[in-house]
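Student: First the structure, then my questions, so here it is.
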Amino acid sequence: MSLAFDEYGRPFIIVEEQESKSRLKGIDALKANIAAGLSIARTLRTSLGPRGMDKMLQSPDGDITVTNDGATILEQMDVEHQVAKLMVSLSKSQDDEIGDGTTGVVVLAGALLEEASKLLDRGVHPTRIAEGFEAACEVCMPRLEAIADTVDTAANGHEELVQTAMTTLNSKIVHRMKRELAEMCVEAVLAVADLERRDVNLDLIKLDGKAGGKLEETKLVQGIVIDKDFSHPQMPKRVEDAKICILTCPFEPPKPKTKHKLDIDSVQQYQEMQEAEAAYFRDMVAAVKDSGANLVICQWGFDDEANHLLLKSQLPAVRWVGGVELELIALATGGRIIPRFSEISAAKLGSAGVVRELSFGTTHEHVIVLEGCAASKAVTIYVRGGNSMVVEEAKRSIHDALCVVRNLIRDSRIVYGGGASEIACSLAVAGAAEAVSGVTQYAMRGFADALDSVAMALAENAGLQPIDTVTAVKAAQVASASPQLGIDCLGAGTNDMKVQNVREALASKQQQLLHATQMVRMLLKIDDVISRDEDP
Amino acid sequence: MFGGGGGGAAGGMPFGMNVVPSVLQQGASEDRGEGARMNAFVGALAVTDLVKTTLGPKGMDKILQSTGGDVQVTNDGATILKSIHIDNAAAKVLVDISKTQDDEVGDGTTSVCCLAGELLREAEKLLDLKMHPQTVVSGYRLAATAAAKALEAAAVDHGTDVDAFRVDLLNIARTTLSSKVLSQAKELFAKISVDAVLRLKGSTNLDHVQIIKKAGGSLADSWLEPGFILEKKLGVGQPKRIENANILIANTAMDTDKVKIYASRVRVDSLTRVAAIEQAEAEKMTAKVNKILAHGCNVFINRQLIYNRPEQAFTAAGVMAIEHADFDGVERLALVTGGEIVSTFDDPSAVSLGHCDVVSEDMIGEDAVIRFSGCKSGAACTIVLRGATGQLLDEAERSLHDALCVLSQTAVDTRTVLGGGAAEALMARAVDELAPTVAGKASLAVEAFARALRALPAIIADNAGYDSAELVAQLRAAHAAGDAEAGLDMNRGTIGNVRALGITESFKLKRQMLSSAVEAAEMIIRVDDIIKAAPRARDNPHPHM
């Protein structure tokens with residue numbers, strides 16, 4: 001902490017607890033921040049692209065996650081540094097908004113930071129760098145729109161959508177099943193999509209999973225899956241045309257919240273009470289039965305006696321269903337959540353086509369599936385896989401694929417991946433830079449270099465010579481004026497990304513550029529970091 | 001590859017600064033590039049080496065001592081891996097994979113771990129040659145597809161031929177059991193487990209097969225009981241044998257029923273009143289018993305306790321009453337006898353009772369048990385295991401469980417393949433044939449895959465104390481000459497025709513082993529960065545107690 005002293009050599013205390021805080025100013029603060037950001041970007045850089053590597057993350061409890069999904073890696077990395085946290089939220093916002101390209105955005109931000117640091121070394125003022133980057137980014141946006149292609153999502157049984165989803169799944173561990181999973185994703189998205197408004201509510205697609213079984217057993221269920229059993233082993237395992245009574249009150253005598261005591265002092269009263277008790281159960285079950293319900297879903301438990309009465313009245317029941325699931329069921333089946341037995345009525349029941357129990361593998365695990373729900377088109381993708389790591393990673397991969405399909409339905413404009421669009425932008429920025437005089441020109445060139453650096457990372461991860469490959473593609477793009485040429489990461493023998501079906505939603509790419517530029521601009525504006533020292 | 005292990009935040013500090021920002025939480029660590037790879041490989045290989053000596057018919061056992069001092073003797077890979085606590089991320093992947101194999105097919109837990117380990121060992125060599133991990137992975141994928149295809153082509157299906165299928169099952173059971181503690185009585189146990197599984201008629205619900213362990217006697221004294229055995233005692237003075245039993249299975253309180261209305265209590269002001277209430281209570285219970293008797297049952301089984309007074313009433317009525325059967329017991333009984341689990345007794349006509357021919361009290365060793373024979377649903381059965389010590393019985397149960405799992409899976413997918421390293425050699429040959437046709441460096445990985453497959457028979461031979469290099473070379477030659485049935489004969493230490501020897505394994509098991517192992521290996525090879533979060537602070541100094 002730098003200090004100011006008065007004429008007697010005593011320090012002026014300006015900041016509270018000044019001695020225990022450290023302060024970085026000016027260029028040092030910038031450099032420190034850039035270094036922190038770079039260290040995050042460097043971790044993710046090797047995960048970029050179809051042949052990117054995975055990271056193994058060990059949680060504080062020793063659980064292992066293996067993934068190459070940028071957002072997941074950063075979320076679980078447990079970072080502490082404030083700037084590193086900014087990078088994490090950068091990737092998270094890309095995840096929330098687009099659901100894909102979470103690694104790309106961080107790698108791009110890292111490349112920009114690296115360029116910024118070079119420019120700082122040459123004495124360029126950070127604000128000028130930020131302005132240059134901003135100008136470059138503005139060049140990129142129209143360029144991206146100009147090179148964008150429109151795909152016909154409905155053509156050929158949505159084949160285009162399936163192909164795009166497959167491209168996303170290619171880099172993941174589930175590649176073995178990519179065709180099946182891609183079709184599943186497209187089917188799921190189309191089931192809930194509002195094609196008129198071109199909107200998809202992904203909340204209606206529930207991703208659920210359980211370790212065990214094979215990836216091949218992953219299923220798309222046209223309805224809701226709840227991980228529960230019927231309350232009595234002998235209840236029917238299948239209810240057709242279900243009328244569902246959704247209860248949040250237990251099948252037990254009421255427990256008034258007012259404190260009270262019920263004193264019994266005669267045999268007669270004792271017998272009356274026994275009668276009353278039995279009547280409670282009878283009335284409860286009768287109330288449900290009379291409403292016409294043929295399935296009970298309850299948030300709480302049942303007394304054994306009630307359970308048996310339910311069985312006898314042929315009312316299959318599910319107990320201990322969590323609040324979130326209960327709400328989902330209510331939404332999907334159009335039922336009302338009923339808090340008291342006295343309020344049960346036929347109008348409040350939800351309805352579903354079939355409710356049945358589904359079992360898996362050797363392990364006698366069951367789930368209950370509600371299909372053909374009346375009110376909404378909720379679907380569930382139920383993931384199975386060798387172990388919990390695979391299941392979790394498969395869920396993340398499917399989520400990415402779902403997002404990609406959704407993005408295409410929202411906006412069918414795409415740009416080509418494999419570094420093609422980055423290189424096209426880089427050429428555009430470099431060209432535009434020539435026309436600008438002053439320091440901005442340097443900053444814009446830096447931006448173009450950063451874009452090249454993303455393409456290089458792709459080539460590097462694929463085991464290719466980065467400089468040779470990227471320059472060759474760049475020259476080819478200029479020569480043929482085709483923005484579809486990218487890096488042939490998979491060794492397919494062609495650089496034409498259209499042929500390889502490697503593409504990204506236009507919106508996704510634009511967001512990446514905008515987010516990364518914004519974040520770097522923000523970092524470049526920080527010139528003072530005051531932080532509390534770690535406790536010794 | 002630059003910047004080996006421990007690449008801290010600002011690698012190399014090019015800025016001439018005095019502050020290097022640390023990005024991760026305190027206590028967290030990050031391994032990158034070579035460091036991470038080394039870490040992952042060393043961990044995974046250590047686990048493989050740990051379990052590989054248990055592979056095959058001559059595999060060795062391990063003693064596991066828990067922190068509580070309990071001793072387990074086992075050669076079941078999943079059990080060993082479950083019991084050791086590991087702090088290496090990659091090793092945990094292998095543990096997980098073997099656990100899944102256990103859940104899915106029940107056996108082959110050691111093989112899957114060994115194959116994954118061997119694949120990693122081969123991959124490490126390739127990576128040392130500066131091959132890109134992704135290239136190795138793509139080579140492995142090609143090879144795995146070829147191997148799976150060869151395996152599928154070699155599978156034999158006797159599902160339609162009842163007798164041949166039974167022979168298959170017996171062979172599978174013998175093969176599985178020969179590597180376990182039960183190998184001394186494997187004929188007996190093969191027959192027991194095949195009979196038990198065939199009774200299930202294609203269902204994989206092993207709940208129907210109950211295993212009861214009774215110390216004493218020898219393993220050879222174990223038997224398969226076609227009915228159901230409940231480890232409970234009868235009420236005093238009740239009939240010890242009931243023929244043509246009508247069984248009422250209940251889950252109800254048989255003390256004075258607890259009053260379920262909240263906050264009620266009995267308050268009296270004189271002793272006579274107490275007596276009156278007590279009388280009412282007793283009457284209530286008698287009424288309940290009478291209601292139960294009205295169902296016309298002669299055996300009453302309750303999940304909860306039956307107190308003395310109702311027990312007396314049952315005895316007087318000549319009804320056998322069994323109390324405190326645990327929940328599994330009750331459910332299984334309901335399944336076996338076709339009865340319903342009842343909690344209210346007002347309407348006898350609506351309740352279906354369970355039936356069986358004879359319920360009797362019998363002795364196993366020194367313990368009395370209740371035997372239900374001639375049950376309505378014939379699917380269920382009980383296997384009674386006898387053996388010298390508790391550890392032996394535990395291990396026997398694990399082995400038997402493995403065999404039952406494999407058999408029940410085979411009953412669903414009836415295809416079989418050959419064991420004794422024949423299937424591995426067969427797959428290795430198919431992969432070998434693929435290798436020259438693959439262009440590019442991935443071809444090296446394909447070759448490596450074949451070597452890893454052949455390492456499995458080598459381990460089996462090593463464990464049996466034979467010259468593995470010689471035997472595996474012979475095996476390879478035999479397969480190359482077109483003898484797809486050549487495998488290891490570990491009783492004679494030679495190459496033999498394994499079909500003639502009857503060494504058979506389930507196709508599903510082998511396929512699952514192959515795909516899990518490749519998946520695990522791929523997962524570990526693809527890792528280039530290990531980030532460990534700071535361990536959660538614990539108050540307990542012995543976290544694994």
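Order determines the names: the first chain of the structure tokens is A, the second B, and so forth; residues in each chain are numbered 1 upward, and ligands are numbered 1 upward as they are shown.
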Would you please extract all alpha helix (DSSP H) residues from segment 69-158 of chain B, as assigned by DSSP on the backbone, and give them as number ranges by chain?
Tutor: B: 77-83, 89-104, 109-128, 133-154
Student: DSSP on the backbone: which residues in segment 138-297 of chain A end up as strand (DSSP E or B)? Give the answer as a ChimeraX atom specification.
Tutor: /A:149-150,193-194,199-200,205-212,219-221,223-226,230,238-247,251,262-264,295-297
Student: Write out as an MDAnalysis selection string which residues come within 6 Å of segment 139-146 of chain B when counting only C-alpha atoms, dropping same-chain ones fewer than 3 positions away.
Tutor: chainID B and resid 136 149 431 442 445:446
Student: For the selection just defined, write its residues with C-alpha atoms to a file, as a PDB file, in the first residue's frame.
Tutor:
```
ATOM      1  CA  VAL B 136      -5.475 -42.025 -29.864  1.00  0.00           C
ATOM      2  CA  LYS B 149     -18.714 -56.328 -34.367  1.00  0.00           C
ATOM      3  CA  VAL B 431      -8.764 -55.262 -34.561  1.00  0.00           C
ATOM      4  CA  ALA B 442      -4.811 -43.537 -35.662  1.00  0.00           C
ATOM      5  CA  ALA B 445      -3.788 -46.631 -31.701  1.00  0.00           C
ATOM      6  CA  VAL B 446      -5.775 -49.429 -33.328  1.00  0.00           C
TER       7      VAL B 446
END
```
Student: Quick one: which chain A residues come within 7 Å of chain B, and what is the nearest atom pair for each with the distance in Å to one decimal, counting only C-alpha atoms, rows ordered by chain and ascending number, as JSON lines?
Tutor:
```
{"residue": "A:Ala32", "atom": "CA", "partner": "B:Pro21", "partner_atom": "CA", "distance": 6.3}
{"residue": "A:Ala35", "atom": "CA", "partner": "B:Ala10", "partner_atom": "CA", "distance": 5.3}
{"residue": "A:Ala36", "atom": "CA", "partner": "B:Pro21", "partner_atom": "CA", "distance": 6.0}
{"residue": "A:Ser39", "atom": "CA", "partner": "B:Ala9", "partner_atom": "CA", "distance": 5.4}
{"residue": "A:Arg51", "atom": "CA", "partner": "B:Gln134", "partner_atom": "CA", "distance": 6.2}
{"residue": "A:Met53", "atom": "CA", "partner": "B:Arg526", "partner_atom": "CA", "distance": 5.1}
{"residue": "A:Asp54", "atom": "CA", "partner": "B:Val527", "partner_atom": "CA", "distance": 4.5}
{"residue": "A:Lys55", "atom": "CA", "partner": "B:Asp529", "partner_atom": "CA", "distance": 4.9}
{"residue": "A:Met56", "atom": "CA", "partner": "B:Ile530", "partner_atom": "CA", "distance": 4.7}
{"residue": "A:Leu57", "atom": "CA", "partner": "B:Ile531", "partner_atom": "CA", "distance": 4.9}
{"residue": "A:Gln58", "atom": "CA", "partner": "B:Lys532", "partner_atom": "CA", "distance": 4.6}
{"residue": "A:Ser59", "atom": "CA", "partner": "B:Ala533", "partner_atom": "CA", "distance": 5.3}
{"residue": "A:Pro60", "atom": "CA", "partner": "B:Pro535", "partner_atom": "CA", "distance": 4.3}
{"residue": "A:Asp61", "atom": "CA", "partner": "B:Arg536", "partner_atom": "CA", "distance": 6.2}
{"residue": "A:Ile64", "atom": "CA", "partner": "B:Ala89", "partner_atom": "CA", "distance": 6.3}
{"residue": "A:Met77", "atom": "CA", "partner": "B:Ile531", "partner_atom": "CA", "distance": 6.7}
{"residue": "A:Asp78", "atom": "CA", "partner": "B:Gln25", "partner_atom": "CA", "distance": 5.9}
{"residue": "A:Val79", "atom": "CA", "partner": "B:Leu24", "partner_atom": "CA", "distance": 4.2}
{"residue": "A:Glu80", "atom": "CA", "partner": "B:Gln25", "partner_atom": "CA", "distance": 4.9}
{"residue": "A:His81", "atom": "CA", "partner": "B:Val23", "partner_atom": "CA", "distance": 4.7}
{"residue": "A:Ala84", "atom": "CA", "partner": "B:Val23", "partner_atom": "CA", "distance": 6.3}
{"residue": "A:Gly212", "atom": "CA", "partner": "B:Thr100", "partner_atom": "CA", "distance": 6.0}
{"residue": "A:Gly213", "atom": "CA", "partner": "B:Glu104", "partner_atom": "CA", "distance": 6.2}
{"residue": "A:Pro253", "atom": "CA", "partner": "B:Ile261", "partner_atom": "CA", "distance": 5.7}
{"residue": "A:Lys255", "atom": "CA", "partner": "B:Tyr262", "partner_atom": "CA", "distance": 5.8}
{"residue": "A:His260", "atom": "CA", "partner": "B:Ala263", "partner_atom": "CA", "distance": 6.6}
{"residue": "A:Lys261", "atom": "CA", "partner": "B:Ala263", "partner_atom": "CA", "distance": 5.2}
{"residue": "A:Leu262", "atom": "CA", "partner": "B:Ser264", "partner_atom": "CA", "distance": 4.3}
{"residue": "A:Asp263", "atom": "CA", "partner": "B:Arg265", "partner_atom": "CA", "distance": 5.2}
{"residue": "A:Ile264", "atom": "CA", "partner": "B:Val266", "partner_atom": "CA", "distance": 4.5}
{"residue": "A:Asp265", "atom": "CA", "partner": "B:Val268", "partner_atom": "CA", "distance": 5.0}
{"residue": "A:Ser266", "atom": "CA", "partner": "B:Arg273", "partner_atom": "CA", "distance": 6.9}
{"residue": "A:Val267", "atom": "CA", "partner": "B:Ile277", "partner_atom": "CA", "distance": 5.3}
{"residue": "A:Glu277", "atom": "CA", "partner": "B:Ile261", "partner_atom": "CA", "distance": 6.5}
{"residue": "A:Asp304", "atom": "CA", "partner": "B:Ser343", "partner_atom": "CA", "distance": 6.3}
{"residue": "A:Glu305", "atom": "CA", "partner": "B:Ser343", "partner_atom": "CA", "distance": 5.3}
{"residue": "A:His308", "atom": "CA", "partner": "B:Ser343", "partner_atom": "CA", "distance": 5.5}
{"residue": "A:Gly361", "atom": "CA", "partner": "B:Glu104", "partner_atom": "CA", "distance": 6.5}
{"residue": "A:Thr362", "atom": "CA", "partner": "B:Thr204", "partner_atom": "CA", "distance": 5.9}
{"residue": "A:Thr363", "atom": "CA", "partner": "B:Asp103", "partner_atom": "CA", "distance": 6.3}
{"residue": "A:His364", "atom": "CA", "partner": "B:Asn205", "partner_atom": "CA", "distance": 6.6}
{"residue": "A:Gly386", "atom": "CA", "partner": "B:Thr100", "partner_atom": "CA", "distance": 5.9}
{"residue": "A:Asn387", "atom": "CA", "partner": "B:Thr100", "partner_atom": "CA", "distance": 6.0}
{"residue": "A:Gly463", "atom": "CA", "partner": "B:His132", "partner_atom": "CA", "distance": 6.0}
```
Student: Take the residues from that selection and put them in a file with C-alpha atoms, as a PDB file, in the first residue's frame.
Tutor:
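Contents of selection-v4.pdb, as written:
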```pdb
ATOM      1  CA  ALA A  32      -2.483  -8.112 -12.789  1.00  0.00           C
ATOM      2  CA  ALA A  35      -2.853 -11.998 -16.043  1.00  0.00           C
ATOM      3  CA  ALA A  36      -5.735 -13.382 -13.989  1.00  0.00           C
ATOM      4  CA  SER A  39      -4.952 -17.761 -16.702  1.00  0.00           C
ATOM      5  CA  ARG A  51     -11.092 -32.167 -30.651  1.00  0.00           C
ATOM      6  CA  MET A  53      -9.587 -31.900 -24.382  1.00  0.00           C
ATOM      7  CA  ASP A  54     -11.598 -32.524 -21.252  1.00  0.00           C
ATOM      8  CA  LYS A  55     -10.989 -31.214 -17.775  1.00  0.00           C
ATOM      9  CA  MET A  56     -11.284 -33.297 -14.698  1.00  0.00           C
ATOM     10  CA  LEU A  57     -12.707 -31.402 -11.769  1.00  0.00           C
ATOM     11  CA  GLN A  58     -12.737 -32.600  -8.224  1.00  0.00           C
ATOM     12  CA  SER A  59     -15.302 -30.993  -5.989  1.00  0.00           C
ATOM     13  CA  PRO A  60     -14.678 -30.186  -2.331  1.00  0.00           C
ATOM     14  CA  ASP A  61     -16.420 -33.454  -1.488  1.00  0.00           C
ATOM     15  CA  ILE A  64     -15.406 -36.034 -10.034  1.00  0.00           C
ATOM     16  CA  MET A  77     -13.329 -24.292 -10.786  1.00  0.00           C
ATOM     17  CA  ASP A  78     -13.949 -22.513  -7.554  1.00  0.00           C
ATOM     18  CA  VAL A  79     -12.181 -19.333  -8.581  1.00  0.00           C
ATOM     19  CA  GLU A  80     -11.492 -16.611  -6.108  1.00  0.00           C
ATOM     20  CA  HIS A  81      -9.878 -13.786  -8.003  1.00  0.00           C
ATOM     21  CA  ALA A  84     -11.408 -14.466 -12.851  1.00  0.00           C
ATOM     22  CA  GLY A 212     -26.863 -47.114 -14.494  1.00  0.00           C
ATOM     23  CA  GLY A 213     -27.936 -48.657 -17.721  1.00  0.00           C
ATOM     24  CA  PRO A 253     -56.040 -36.875  10.897  1.00  0.00           C
ATOM     25  CA  LYS A 255     -53.120 -31.457  13.140  1.00  0.00           C
ATOM     26  CA  HIS A 260     -54.859 -28.014  22.233  1.00  0.00           C
ATOM     27  CA  LYS A 261     -55.407 -31.025  24.361  1.00  0.00           C
ATOM     28  CA  LEU A 262     -58.135 -33.537  23.928  1.00  0.00           C
ATOM     29  CA  ASP A 263     -58.973 -35.185  27.194  1.00  0.00           C
ATOM     30  CA  ILE A 264     -60.774 -38.465  27.322  1.00  0.00           C
ATOM     31  CA  ASP A 265     -62.256 -39.531  30.554  1.00  0.00           C
ATOM     32  CA  SER A 266     -64.804 -42.155  29.795  1.00  0.00           C
ATOM     33  CA  VAL A 267     -65.045 -45.395  27.924  1.00  0.00           C
ATOM     34  CA  GLU A 277     -60.461 -41.727  13.757  1.00  0.00           C
ATOM     35  CA  ASP A 304     -50.756 -47.362   6.682  1.00  0.00           C
ATOM     36  CA  GLU A 305     -54.464 -47.500   7.150  1.00  0.00           C
ATOM     37  CA  HIS A 308     -54.644 -49.751   2.433  1.00  0.00           C
ATOM     38  CA  GLY A 361     -31.936 -52.623 -15.995  1.00  0.00           C
ATOM     39  CA  THR A 362     -31.141 -55.165 -13.311  1.00  0.00           C
ATOM     40  CA  THR A 363     -31.318 -52.704 -10.538  1.00  0.00           C
ATOM     41  CA  HIS A 364     -34.963 -52.666  -9.635  1.00  0.00           C
ATOM     42  CA  GLY A 386     -22.606 -46.025 -17.450  1.00  0.00           C
ATOM     43  CA  ASN A 387     -21.927 -43.910 -14.415  1.00  0.00           C
ATOM     44  CA  GLY A 463      -3.091 -31.496 -33.585  1.00  0.00           C
TER      45      GLY A 463
END
```
Student: I'd like the neighbourhood of segment 226-230 of chain A as a PyMOL selection string, where a residue qualifies if any of its atoms comes within 8 Å (using only C-alpha atoms), though same-chain residues fewer than 3 positions away should be ignored.
Tutor: chain A and resi 233+235+237+316-319+321+325+357+366-369
Student: Just to be explicit: take each residue in the selection above, keep N, CA, C and O atoms, and write the result as a tab-separated table (two decimals), in the first residue's frame.
Tutor:
```
chain	number	residue	atom	x	y	z
A	233	PRO	N	-47.19	-51.67	-2.93
A	233	PRO	CA	-46.62	-52.50	-3.99
A	233	PRO	C	-47.67	-53.18	-4.86
A	233	PRO	O	-47.37	-53.63	-5.96
A	235	MET	N	-50.52	-51.85	-5.96
A	235	MET	CA	-51.36	-50.97	-6.75
A	235	MET	C	-51.10	-51.20	-8.24
A	235	MET	O	-50.00	-51.59	-8.61
A	237	LYS	N	-49.92	-50.77	-11.92
A	237	LYS	CA	-48.75	-50.02	-12.35
A	237	LYS	C	-49.06	-49.15	-13.56
A	237	LYS	O	-48.18	-48.57	-14.16
A	316	PRO	N	-54.68	-45.72	-7.09
A	316	PRO	CA	-53.22	-45.73	-6.99
A	316	PRO	C	-52.74	-44.37	-6.49
A	316	PRO	O	-53.34	-43.34	-6.83
A	317	ALA	N	-51.70	-44.38	-5.70
A	317	ALA	CA	-51.26	-43.12	-5.12
A	317	ALA	C	-49.74	-43.05	-5.12
A	317	ALA	O	-49.05	-44.07	-5.05
A	318	VAL	N	-49.23	-41.85	-5.22
A	318	VAL	CA	-47.80	-41.61	-5.13
A	318	VAL	C	-47.59	-40.64	-3.99
A	318	VAL	O	-48.26	-39.61	-3.94
A	319	ARG	N	-46.69	-40.98	-3.09
A	319	ARG	CA	-46.51	-40.07	-1.95
A	319	ARG	C	-45.11	-39.47	-1.97
A	319	ARG	O	-44.23	-39.90	-2.69
A	321	VAL	N	-44.02	-36.60	-3.07
A	321	VAL	CA	-43.60	-35.97	-4.31
A	321	VAL	C	-43.16	-34.54	-3.98
A	321	VAL	O	-43.88	-33.82	-3.30
A	325	GLU	N	-41.79	-30.74	-8.40
A	325	GLU	CA	-42.40	-31.71	-9.31
A	325	GLU	C	-43.92	-31.59	-9.27
A	325	GLU	O	-44.59	-31.69	-10.30
A	357	GLU	N	-45.67	-47.08	-14.62
A	357	GLU	CA	-44.38	-47.25	-13.98
A	357	GLU	C	-43.42	-47.82	-15.00
A	357	GLU	O	-43.77	-48.71	-15.77
A	366	HIS	N	-37.55	-47.93	-10.31
A	366	HIS	CA	-38.72	-47.55	-11.08
A	366	HIS	C	-38.87	-46.06	-11.09
A	366	HIS	O	-38.48	-45.38	-10.16
A	367	VAL	N	-39.46	-45.57	-12.15
A	367	VAL	CA	-39.89	-44.18	-12.14
A	367	VAL	C	-41.33	-44.19	-12.63
A	367	VAL	O	-41.78	-45.15	-13.26
A	368	ILE	N	-42.05	-43.13	-12.30
A	368	ILE	CA	-43.42	-43.04	-12.76
A	368	ILE	C	-43.48	-42.00	-13.87
A	368	ILE	O	-42.89	-40.92	-13.75
A	369	VAL	N	-44.14	-42.35	-14.94
A	369	VAL	CA	-44.19	-41.49	-16.10
A	369	VAL	C	-45.61	-41.03	-16.34
A	369	VAL	O	-46.54	-41.84	-16.32
```
Student: When you look at Ser388 of chain A with a cut-off of 8 Å (counting only C-alpha atoms), what residues show up, excluding the ones that are within fewer than 3 positions of it in the same chain? I need them as a ChimeraX atom specification.
Tutor: /A:210-212,385,391-392
Student: Can you tell me which residues surround Ile526 of chain A at a distance of at most 12 Å, considering only C-alpha atoms, apart from same-chain residues fewer than 4 positions away, and format the answer as a count of residues only?
Tutor: 21
Student: Within 10 Å of Val151 of chain A, counting only C-alpha atoms, which residues qualify if same-chain residues fewer than 5 places away don't, as a PDB file with C-alpha atoms, in the first residue's frame?
Tutor:
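This is the output file part09.pdb:
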```
ATOM      1  CA  GLU A 160     -30.941 -29.647 -41.045  1.00  0.00           C
ATOM      2  CA  LEU A 161     -31.753 -29.356 -37.360  1.00  0.00           C
ATOM      3  CA  LEU A 408     -32.032 -22.254 -35.126  1.00  0.00           C
ATOM      4  CA  ILE A 409     -35.784 -22.264 -34.738  1.00  0.00           C
ATOM      5  CA  ASP A 411     -33.448 -17.440 -36.042  1.00  0.00           C
ATOM      6  CA  SER A 412     -32.518 -19.673 -38.911  1.00  0.00           C
ATOM      7  CA  ARG A 413     -29.519 -17.597 -39.912  1.00  0.00           C
ATOM      8  CA  ILE A 414     -26.236 -19.360 -39.360  1.00  0.00           C
TER       9      ILE A 414
END
```
Student: Choose the residue, out of A:Tyr280, A:Trp320, A:Tyr416, A:Tyr442, that has the smallest atom-to-atom separation from Arg128 of chain A; count only C-alpha atoms.
Tutor: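 Using only C-alpha atoms, Arg128 of chain A sits closest to A:Tyr442.
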Student: In Å, how far is it from atom CA of Ala155 of chain B to atom CA of Leu426 of chain B?
Tutor: 11.2 Å
Student: Find the distance between atom CA of Gly486 of chain A and atom CA of Met184 of chain A and write it in Å to one decimal.
Tutor: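 Straight-line distance from atom CA of Gly486 of chain A to atom CA of Met184 of chain A works out to 28.6 Å.
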Student: Measure the distance from atom CA of Ala403 of chain B to atom CA of Asp483 of chain B in Å and round it to one decimal.
Tutor: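 Between atom CA of Ala403 of chain B and atom CA of Asp483 of chain B the gap works out to 28.4 Å.
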